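Chemist: I'd like to ask some things about the structure below.
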Amino acid sequence: MAKTLARAMMLGILFCAQILEGMAQQSSAAAPNPMPPLRIGSGDLIEVSMFENPDLSGRYRVDEMGDITIPLIGHAHLAGMTANEAATTIEELYVRGQILLPANSHATVFIAEYATQGITINGEVRTPGVYPALGVHKLNDLIAAAGGITVLASSHVVITHKDDPGNPTTVEYNPSALKPIVPDVQILPGDSILIPKAGVVYVAGNVAKPGVYVLDGRRALTVEELMALAGGGGHASALKRVQLVRTMDDGRKEQITIPVNLIFKGRAPDVALIDGDILFVPTSTGKLITEQAITDAVGVGTGVLVYRTSTQ
């Protein structure tokens, strides 16, 4: 009997421990990422308040060297500091200069105005421009404020931070996915966002869905896959002599005959497509048209339908 009770108590303790561990994990997972503090930069306007010493309080513009000039002290270098760090620095300067005693040297600093209060959004968004931002923002919120991305937007977003312009960050952004993964990226005032234009390929001729197909940037797209996306060849399409027009690095256009019928049967190698490729599917009863006619058939910029090539 005693062994049974001991075993039951042990099981109960283990069960409670598992519950507590699970709750701890859930709490840790739910904890949001801490927002990075905003730092003082050249051109910012800061407000310094000295406790019980209003004569030493004031508003100061940070100069191009990152300094301000404060009463009885002179230059104080504050660039790169948070508001709290700047307050501590000013307190130490007054105490070190024997102007104030530690007991009455308490300072508070408020960043009243940032030199660059906006975040710039350019590229493939509906309304590019500079958007006001006094605090930390998330990438998805800013893109939404710019009207969202266009159908020609790349899946890669380039973010340049004000405090590290030489090392831009590239993140993947695909809101059209079945399960969108929005990067948890924090954007600060003065940062810029660029939504580049994605690569595109064109399908024209005797297919179910001719138009412009946007390359998602995450994987290569082949002729066989593009034909599937375009709904396959239409009635009497000449799949054995599909034409691929490709612009070479030196600007020349090269026309290649692709035996799509053999690719479908696994008897010919598939062909990977690159940005700017034009795939033309002729009709078996028609005469093979020239390269210029293929280009004209695409009708770029004249209301051609645009399709995303990936939704997951």
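Ligands are numbered from 1 in the order shown, residues from 1 within each chain, and chains are lettered A, B, ... in the order they appear in the structure tokens.
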Can you tell me which residues surround A:Lys209 at a distance of at most 6 Å, considering only C-alpha atoms, apart from same-chain residues fewer than 2 positions away, and format the answer as a PyMOL selection string?

Modeler: chain A and resi 207+230-231

Chemist: Show me, as a VMD selection string, the residues that have an atom within 9 Å of A:Ser42 when counting only C-alpha atoms, minus same-chain residues fewer than 2 positions from it.

Modeler: chain A and resid 40 44 to 45 61 to 67 79 114 to 115

Chemist: Write a file of the selected residues as a PDB file, in the first residue's frame, keeping N, CA and C atoms.

Modeler:
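Final file, out26.pdb:
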```
ATOM      1  N   ILE A  40      20.141  58.980 -30.277  1.00  0.00           N
ATOM      2  CA  ILE A  40      20.300  60.374 -30.673  1.00  0.00           C
ATOM      3  C   ILE A  40      21.264  60.465 -31.850  1.00  0.00           C
ATOM      4  N   ASP A  44      19.090  66.052 -34.410  1.00  0.00           N
ATOM      5  CA  ASP A  44      17.963  65.829 -33.506  1.00  0.00           C
ATOM      6  C   ASP A  44      17.839  66.989 -32.522  1.00  0.00           C
ATOM      7  N   LEU A  45      16.621  67.244 -32.084  1.00  0.00           N
ATOM      8  CA  LEU A  45      16.356  68.263 -31.071  1.00  0.00           C
ATOM      9  C   LEU A  45      16.026  67.556 -29.770  1.00  0.00           C
ATOM     10  N   ARG A  61      19.840  71.535 -30.124  1.00  0.00           N
ATOM     11  CA  ARG A  61      19.953  70.831 -31.395  1.00  0.00           C
ATOM     12  C   ARG A  61      21.331  70.161 -31.454  1.00  0.00           C
ATOM     13  N   VAL A  62      21.351  68.862 -31.762  1.00  0.00           N
ATOM     14  CA  VAL A  62      22.611  68.131 -31.870  1.00  0.00           C
ATOM     15  C   VAL A  62      23.310  68.545 -33.161  1.00  0.00           C
ATOM     16  N   ASP A  63      24.588  68.963 -33.029  1.00  0.00           N
ATOM     17  CA  ASP A  63      25.296  69.442 -34.217  1.00  0.00           C
ATOM     18  C   ASP A  63      25.833  68.284 -35.049  1.00  0.00           C
ATOM     19  N   GLU A  64      26.531  68.617 -36.153  1.00  0.00           N
ATOM     20  CA  GLU A  64      26.992  67.589 -37.072  1.00  0.00           C
ATOM     21  C   GLU A  64      28.052  66.676 -36.449  1.00  0.00           C
ATOM     22  N   MET A  65      28.661  67.112 -35.339  1.00  0.00           N
ATOM     23  CA  MET A  65      29.643  66.279 -34.645  1.00  0.00           C
ATOM     24  C   MET A  65      28.996  65.385 -33.597  1.00  0.00           C
ATOM     25  N   GLY A  66      27.673  65.548 -33.412  1.00  0.00           N
ATOM     26  CA  GLY A  66      26.971  64.754 -32.405  1.00  0.00           C
ATOM     27  C   GLY A  66      26.987  65.376 -31.026  1.00  0.00           C
ATOM     28  N   ASP A  67      27.291  66.693 -30.939  1.00  0.00           N
ATOM     29  CA  ASP A  67      27.418  67.371 -29.647  1.00  0.00           C
ATOM     30  C   ASP A  67      26.278  68.360 -29.429  1.00  0.00           C
ATOM     31  N   ALA A  79      25.705  61.787 -29.427  1.00  0.00           N
ATOM     32  CA  ALA A  79      25.317  60.979 -30.587  1.00  0.00           C
ATOM     33  C   ALA A  79      25.502  59.500 -30.294  1.00  0.00           C
ATOM     34  N   TYR A 114      13.248  64.266 -34.228  1.00  0.00           N
ATOM     35  CA  TYR A 114      14.306  63.571 -34.946  1.00  0.00           C
ATOM     36  C   TYR A 114      14.598  64.305 -36.250  1.00  0.00           C
ATOM     37  N   ALA A 115      15.872  64.338 -36.610  1.00  0.00           N
ATOM     38  CA  ALA A 115      16.247  65.016 -37.850  1.00  0.00           C
ATOM     39  C   ALA A 115      15.569  64.361 -39.044  1.00  0.00           C
TER      40      ALA A 115
END
```

Chemist: List the spatial neighbours of stretch 130-147 of chain A as a PyMOL selection string - criterion: any atom at most 6 Å away, only C-alpha atoms, same-chain residues fewer than 5 positions off excluded.

Modeler: chain A and resi 117-120+185-189

Chemist: Measuring atom to atom with only C-alpha atoms, identify which of A:Asp270, A:Glu52, A:Glu85, A:Asp250 is nearest to A:Leu226.

Modeler: A:Asp270

Chemist: May I ask for the distance between atom CA of A:Ala236 and atom CA of A:Pro259, given in Å to one decimal place?

Modeler: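 Between atom CA of A:Ala236 and atom CA of A:Pro259 the gap works out to 15.0 Å.
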